[in-house]
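Let me begin by presenting the structure, written as structure tokens, before commenting on it.
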Amino acid sequence: METVLQIENLRTSFMTSSGEVQAVRGVSFQVKKGEILGIVGESGSGKSVTSMSILRLLADTAVIKEGSSIQFEGTDLIGLSRKQLRKIRGEKISMIFQDPMSSLNPLIPVGKQVSEMMKEHHPEMTKEQLKSETLKLFEKVRIPEPEKRYGSYPHEFSGGMRQRVMIAMALANKPRLLIADEPTTALDVTIQDQILRQLRELEKEYQTSIIFITHDLGVVAELCDRVVVMYGGLIMEEALIDDIFENPSHPYTMGLIASIPDPQQDKNVRLQPIPGSPPDMTNPPKGCPFAPRCPYARRICAQELPDFVEIGEGHKSRCFLQLPDAPADEHNPFRKGKAANGQGPVIG
Ligand SMILES: Nc1ncnc2c1ncn2[C@@H]1O[C@H](COP(=O)(O)OP(=O)(O)O)[C@@H](O)[C@H]1O
Ligand code: SF4
Ligand SMILES: [Mg+2]
């Protein structure tokens, strides 16, 4: 399958008065045509900074480090000026965020905002064409009574409807890549489900690749084809969606899976989140960033960063316990009772 986006060794830091915040520390992944890739991880893992680095929508204090590469359909985005990136944004790459209000203009009717977006990249379209295309889009994203809602202002919509307007706006120019950063996090579960279903349909119809960012692996399960799990500014695991649930290969992923709410269960039952909190990125640990919270951590984990290695087809993991010379014992969830290489523990 054709690759739409290829990120290699992306490192993004913020230069702050209290030092360098190493938000993203060497992230590589690709997105194929028509694929929905999930990026999942707890708050502060570096998901948003990774996605904002693509179109360089970062604070002025941000620096994308030497050696990072972001190839979009054969163009190196890092080599482009902000002006050139603005042209790509909205036309070839669109973004939607958690809070649609932050991207909508409260003073302009929503229909006009979507039309304007289209016009920016298609100045040849007439007023009538713009309106009729906008109404078609409103229908596609299931905004009821599109003709009537065309002239409504953002505050006249519910949160779910506003997010639909944002999706319509993001799709106005049939982008090649849609980046959705926690777009359903603020919505209730029923509305969230409807929007996820719609994104699936739209992805099929438009053949748009989607990067879907969320802290909720349950959402990834419903929507995505493939997933990368981020923690401490690094990718910990990458796998096809079935593999990640059937054969999770990183203790952090296992922790995330254990904290997915069970839809059958009483909503009042509190989940078991992973104990502890993510690392301080001004002074990231030199070893595995998950070591202080990992139930399987060993001495080496705090001292060295494990490599990101292939452990199966399309499946990669960054954990010492997955290496071929890792010990097979009751403390290794991946090799319990199995002899790794017959030589006994190599890592301590
Ligand atoms: N403008 C900024 N200045 C300094 N640090 C930032 C800034 N934006 C994000 N960070 C830090 O970068 C890290 C990654 O943040 P982010 O990508 O927003 O996480 P996520 O989206 O996974 O919740 C966090 O430690 C966060 O505090
Ligand atoms: S490398 Fe060590 S600390 Fe990190 S996830 Fe694996 S076992 Fe846990
Ligand atoms: Mg975020």
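Ordered as shown in the structure tokens, chains take letters A, B, and onward, while each chain numbers its residues from 1 and ligands are numbered from 1 in the order shown.
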Can I get the residues close to ligand 3 as a compact mmCIF listing (two decimals) with N, CA and C atoms, in the first residue's frame, where close means within 8 Å and we count only C-alpha atoms and all ligand atoms?
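The result, stored in out.txt:
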# COMPACT_ATOMS: atom_id res chain seq x y z
N SER A 43 -2.06 11.16 29.09
CA SER A 43 -1.80 12.58 28.93
C SER A 43 -0.32 12.87 29.17
N GLY A 44 0.29 13.67 28.31
CA GLY A 44 1.70 14.04 28.46
C GLY A 44 2.66 13.11 27.75
N GLY A 46 3.20 12.82 24.58
CA GLY A 46 3.81 13.43 23.40
C GLY A 46 2.98 13.24 22.13
N LYS A 47 1.72 12.83 22.29
CA LYS A 47 0.86 12.58 21.13
C LYS A 47 0.58 13.87 20.37
N SER A 48 0.13 14.90 21.09
CA SER A 48 -0.23 16.16 20.41
C SER A 48 1.01 16.83 19.82
N VAL A 49 2.10 16.82 20.56
CA VAL A 49 3.31 17.47 20.03
C VAL A 49 3.78 16.76 18.75
N ASP A 181 -7.20 15.01 16.83
CA ASP A 181 -6.58 14.95 18.15
C ASP A 181 -7.65 14.95 19.24
N GLU A 182 -7.97 13.80 19.78
CA GLU A 182 -8.99 13.61 20.82
C GLU A 182 -10.31 14.28 20.45
N ILE A 213 -5.86 10.44 17.41
CA ILE A 213 -5.14 10.50 18.68
C ILE A 213 -6.13 10.39 19.85
N THR A 214 -5.84 9.53 20.79
CA THR A 214 -6.73 9.37 21.94
C THR A 214 -5.96 8.80 23.13
Report task. Output the neighbourhood of ligand 1 as a VMD selection string, that is, all protein and nucleic acid residues with some atom at most 10 Å from the ligand, counting only C-alpha atoms and all ligand atoms. Result -> chain A and resid 12 to 24 39 to 53 58 to 62 181 to 182 213 to 215 230 to 233 278 to 282 284
Query - Non-local contacts of A:Arg11 (7 Å; only C-alpha atoms; under 2 positions in same chain excluded) as a list of chain:residue names - result: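 Result of the neighbour search: A:Asn9, A:Ser13, A:Val24, A:Arg25, A:Gly26, A:Val27, A:Ile64, A:Lys65, A:Ser68.
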As an mmCIF file with N, CA, C and O atoms, in the first residue's frame, please: all residues of stretch 94-148 of chain A that backbone DSSP puts in helix (DSSP H, G or I).
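Produced file out_9.cif, reproduced below:
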data_model
loop_
_atom_site.group_PDB
_atom_site.id
_atom_site.type_symbol
_atom_site.label_atom_id
_atom_site.label_comp_id
_atom_site.auth_asym_id
_atom_site.auth_seq_id
_atom_site.Cartn_x
_atom_site.Cartn_y
_atom_site.Cartn_z
ATOM 1 N N PRO A 100 -13.983 22.079 19.364
ATOM 2 C CA PRO A 100 -14.224 22.705 18.062
ATOM 3 C C PRO A 100 -14.367 24.221 18.166
ATOM 4 O O PRO A 100 -14.060 24.936 17.221
ATOM 5 N N MET A 101 -14.815 24.707 19.343
ATOM 6 C CA MET A 101 -14.991 26.159 19.513
ATOM 7 C C MET A 101 -13.690 26.905 19.256
ATOM 8 O O MET A 101 -13.699 28.035 18.796
ATOM 9 N N SER A 102 -12.563 26.252 19.580
ATOM 10 C CA SER A 102 -11.288 26.951 19.413
ATOM 11 C C SER A 102 -10.927 27.116 17.937
ATOM 12 O O SER A 102 -10.101 27.938 17.580
ATOM 13 N N VAL A 110 -21.895 28.977 10.488
ATOM 14 C CA VAL A 110 -21.050 27.803 10.212
ATOM 15 C C VAL A 110 -20.968 27.473 8.713
ATOM 16 O O VAL A 110 -19.900 27.106 8.216
ATOM 17 N N GLY A 111 -22.102 27.611 8.015
ATOM 18 C CA GLY A 111 -22.093 27.299 6.587
ATOM 19 C C GLY A 111 -21.084 28.155 5.843
ATOM 20 O O GLY A 111 -20.328 27.671 4.991
ATOM 21 N N LYS A 112 -21.065 29.430 6.217
ATOM 22 C CA LYS A 112 -20.153 30.354 5.553
ATOM 23 C C LYS A 112 -18.696 29.967 5.849
ATOM 24 O O LYS A 112 -17.827 30.041 4.981
ATOM 25 N N GLN A 113 -18.454 29.519 7.090
ATOM 26 C CA GLN A 113 -17.077 29.145 7.451
ATOM 27 C C GLN A 113 -16.580 27.964 6.621
ATOM 28 O O GLN A 113 -15.430 27.932 6.184
ATOM 29 N N VAL A 114 -17.485 27.001 6.397
ATOM 30 C CA VAL A 114 -17.079 25.834 5.605
ATOM 31 C C VAL A 114 -16.871 26.249 4.139
ATOM 32 O O VAL A 114 -15.887 25.873 3.507
ATOM 33 N N SER A 115 -17.788 27.085 3.620
ATOM 34 C CA SER A 115 -17.650 27.571 2.239
ATOM 35 C C SER A 115 -16.344 28.330 2.040
ATOM 36 O O SER A 115 -15.651 28.159 1.039
ATOM 37 N N GLU A 116 -16.024 29.174 3.029
ATOM 38 C CA GLU A 116 -14.800 29.985 2.936
ATOM 39 C C GLU A 116 -13.563 29.097 2.853
ATOM 40 O O GLU A 116 -12.617 29.376 2.117
ATOM 41 N N MET A 117 -13.610 28.030 3.648
ATOM 42 C CA MET A 117 -12.505 27.082 3.669
ATOM 43 C C MET A 117 -12.298 26.478 2.281
ATOM 44 O O MET A 117 -11.187 26.328 1.794
ATOM 45 N N MET A 118 -13.445 26.135 1.650
ATOM 46 C CA MET A 118 -13.386 25.548 0.309
ATOM 47 C C MET A 118 -12.864 26.564 -0.701
ATOM 48 O O MET A 118 -12.034 26.257 -1.544
ATOM 49 N N LYS A 119 -13.342 27.789 -0.534
ATOM 50 C CA LYS A 119 -13.014 28.839 -1.498
ATOM 51 C C LYS A 119 -11.516 29.160 -1.476
ATOM 52 O O LYS A 119 -10.907 29.435 -2.517
ATOM 53 N N GLU A 120 -10.957 29.118 -0.289
ATOM 54 C CA GLU A 120 -9.537 29.433 -0.137
ATOM 55 C C GLU A 120 -8.677 28.584 -1.072
ATOM 56 O O GLU A 120 -7.691 29.062 -1.630
ATOM 57 N N HIS A 121 -9.066 27.311 -1.203
ATOM 58 C CA HIS A 121 -8.267 26.417 -2.042
ATOM 59 C C HIS A 121 -8.870 26.227 -3.434
ATOM 60 O O HIS A 121 -8.246 25.654 -4.302
ATOM 61 N N LYS A 127 -20.364 31.176 -5.859
ATOM 62 C CA LYS A 127 -21.033 31.212 -4.561
ATOM 63 C C LYS A 127 -22.045 30.074 -4.420
ATOM 64 O O LYS A 127 -22.133 29.409 -3.383
ATOM 65 N N GLU A 128 -22.790 29.847 -5.515
ATOM 66 C CA GLU A 128 -23.820 28.804 -5.495
ATOM 67 C C GLU A 128 -23.190 27.417 -5.339
ATOM 68 O O GLU A 128 -23.674 26.581 -4.580
ATOM 69 N N GLN A 129 -22.092 27.217 -6.082
ATOM 70 C CA GLN A 129 -21.400 25.915 -5.985
ATOM 71 C C GLN A 129 -20.890 25.678 -4.566
ATOM 72 O O GLN A 129 -21.036 24.588 -4.021
ATOM 73 N N LEU A 130 -20.319 26.738 -3.989
ATOM 74 C CA LEU A 130 -19.762 26.597 -2.633
ATOM 75 C C LEU A 130 -20.862 26.208 -1.659
ATOM 76 O O LEU A 130 -20.696 25.313 -0.834
ATOM 77 N N LYS A 131 -22.011 26.887 -1.775
ATOM 78 C CA LYS A 131 -23.099 26.590 -0.845
ATOM 79 C C LYS A 131 -23.617 25.172 -1.061
ATOM 80 O O LYS A 131 -23.813 24.426 -0.093
ATOM 81 N N SER A 132 -23.789 24.781 -2.325
ATOM 82 C CA SER A 132 -24.365 23.452 -2.545
ATOM 83 C C SER A 132 -23.385 22.361 -2.093
ATOM 84 O O SER A 132 -23.789 21.346 -1.528
ATOM 85 N N GLU A 133 -22.078 22.581 -2.288
ATOM 86 C CA GLU A 133 -21.092 21.592 -1.807
ATOM 87 C C GLU A 133 -21.084 21.528 -0.276
ATOM 88 O O GLU A 133 -20.955 20.464 0.321
ATOM 89 N N THR A 134 -21.230 22.702 0.353
ATOM 90 C CA THR A 134 -21.259 22.728 1.821
ATOM 91 C C THR A 134 -22.477 21.970 2.343
ATOM 92 O O THR A 134 -22.380 21.188 3.293
ATOM 93 N N LEU A 135 -23.620 22.176 1.697
ATOM 94 C CA LEU A 135 -24.833 21.471 2.143
ATOM 95 C C LEU A 135 -24.681 19.960 1.982
ATOM 96 O O LEU A 135 -25.099 19.186 2.844
ATOM 97 N N LYS A 136 -24.027 19.558 0.885
ATOM 98 C CA LYS A 136 -23.788 18.125 0.678
ATOM 99 C C LYS A 136 -22.935 17.566 1.825
ATOM 100 O O LYS A 136 -23.188 16.477 2.340
ATOM 101 N N LEU A 137 -21.912 18.346 2.190
ATOM 102 C CA LEU A 137 -21.033 17.906 3.280
ATOM 103 C C LEU A 137 -21.794 17.812 4.598
ATOM 104 O O LEU A 137 -21.625 16.859 5.359
ATOM 105 N N PHE A 138 -22.648 18.793 4.869
ATOM 106 C CA PHE A 138 -23.446 18.771 6.102
ATOM 107 C C PHE A 138 -24.305 17.506 6.142
ATOM 108 O O PHE A 138 -24.492 16.902 7.180
ATOM 109 N N GLU A 139 -24.839 17.135 4.961
ATOM 110 C CA GLU A 139 -25.632 15.913 4.905
ATOM 111 C C GLU A 139 -24.771 14.705 5.216
ATOM 112 O O GLU A 139 -25.159 13.819 5.969
ATOM 113 N N LYS A 140 -23.576 14.695 4.614
ATOM 114 C CA LYS A 140 -22.656 13.564 4.828
ATOM 115 C C LYS A 140 -22.313 13.369 6.286
ATOM 116 O O LYS A 140 -22.202 12.251 6.772
ATOM 117 N N PRO A 146 -29.796 20.579 6.938
ATOM 118 C CA PRO A 146 -28.602 21.343 6.565
ATOM 119 C C PRO A 146 -28.917 22.757 6.068
ATOM 120 O O PRO A 146 -28.232 23.711 6.455
ATOM 121 N N GLU A 147 -29.973 22.874 5.254
ATOM 122 C CA GLU A 147 -30.317 24.184 4.671
ATOM 123 C C GLU A 147 -30.569 25.200 5.787
ATOM 124 O O GLU A 147 -30.085 26.324 5.752
ATOM 125 N N LYS A 148 -31.308 24.729 6.816
ATOM 126 C CA LYS A 148 -31.659 25.606 7.929
ATOM 127 C C LYS A 148 -30.424 25.916 8.797
ATOM 128 O O LYS A 148 -30.250 27.033 9.270
#
Report task. Take atom CA of A:Ile210 and atom CA of A:Leu171 and report the distance between them in Å, one decimal. Result -> 11.4 Å
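Those residues that approach A:Tyr296 to within 9 Å, counting only C-alpha atoms, are Pro251, Leu321, His331, Asn332 and Pro333 of chain A; same-chain residues fewer than 6 positions away are not listed.
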Requested in this report: Going by DSSP on the backbone, which bits of stretch 65-105 of chain A are strand (DSSP E or B)? Write them as a PyMOL selection string, please.
Outcome: chain A and resi 69-72+75-76+89+93-96
Report task. Could you report the residues within 7 Å of ligand 2, using only C-alpha atoms and all ligand atoms, as a count of residues only? Result -> 19
Report summary line: A straight line from atom CA of A:Ile211 to atom CA of A:Gln71 spans 14.9 Å
Report task. Tell me which of A:Arg293, A:Met1, A:Val141, A:Ile235 sits closest to A:Val309, counting only C-alpha atoms. Result ->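 Closest to A:Val309, using only C-alpha atoms: A:Ile235.
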Query raised in the report: When distances are computed from only C-alpha atoms, which of A:Gly34, A:Pro109, A:Gly314, A:Gly74 shows the smallest separation from A:Val228?
Result: A:Gly314
**Report entry** Among the residues A:Pro106, A:Gly38, A:Pro324, A:Pro123, the one that comes closest to A:Ile311 [using only C-alpha atoms]
**Finding:**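 Between A:Pro106, A:Gly38, A:Pro324, A:Pro123, the residue approaching A:Ile311 most closely is A:Pro324.
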Can you pull out every residue within 7 Å of A:Leu178, counting only C-alpha atoms, but drop anything in the same chain fewer than 4 positions away, and send it as a PDB file with C-alpha atoms, in the first residue's frame?
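Contents of the output file result-v1.pdb:
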ATOM      1  CA  ILE A  93      -3.775  17.775   5.502  1.00  0.00           C
ATOM      2  CA  SER A  94      -6.616  18.767   7.851  1.00  0.00           C
ATOM      3  CA  MET A  95      -6.776  18.764  11.618  1.00  0.00           C
ATOM      4  CA  THR A 208      -8.472   9.790   3.362  1.00  0.00           C
ATOM      5  CA  SER A 209      -5.837   8.464   5.726  1.00  0.00           C
ATOM      6  CA  ILE A 210      -6.550   9.310   9.357  1.00  0.00           C
ATOM      7  CA  ILE A 211      -4.302   9.733  12.373  1.00  0.00           C
TER       8      ILE A 211
END
Query - Distance of atom CA of A:Gln192 from atom CA of A:Ala168, expressed in Å to one decimal place - result: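 Result for atom CA of A:Ala168 versus atom CA of A:Gln192: 16.0 Å, one decimal.
Using only C-alpha atoms, the shortest contact distance between A:Leu104 and any of A:Ile78, A:Lys87, A:Glu73, A:Ile167 is found at A:Ile167.
Counting only C-alpha atoms, the residue from A:Glu238, A:Glu222, A:Asp216, A:Glu35 that sits nearest to A:Ser317 is A:Glu238.
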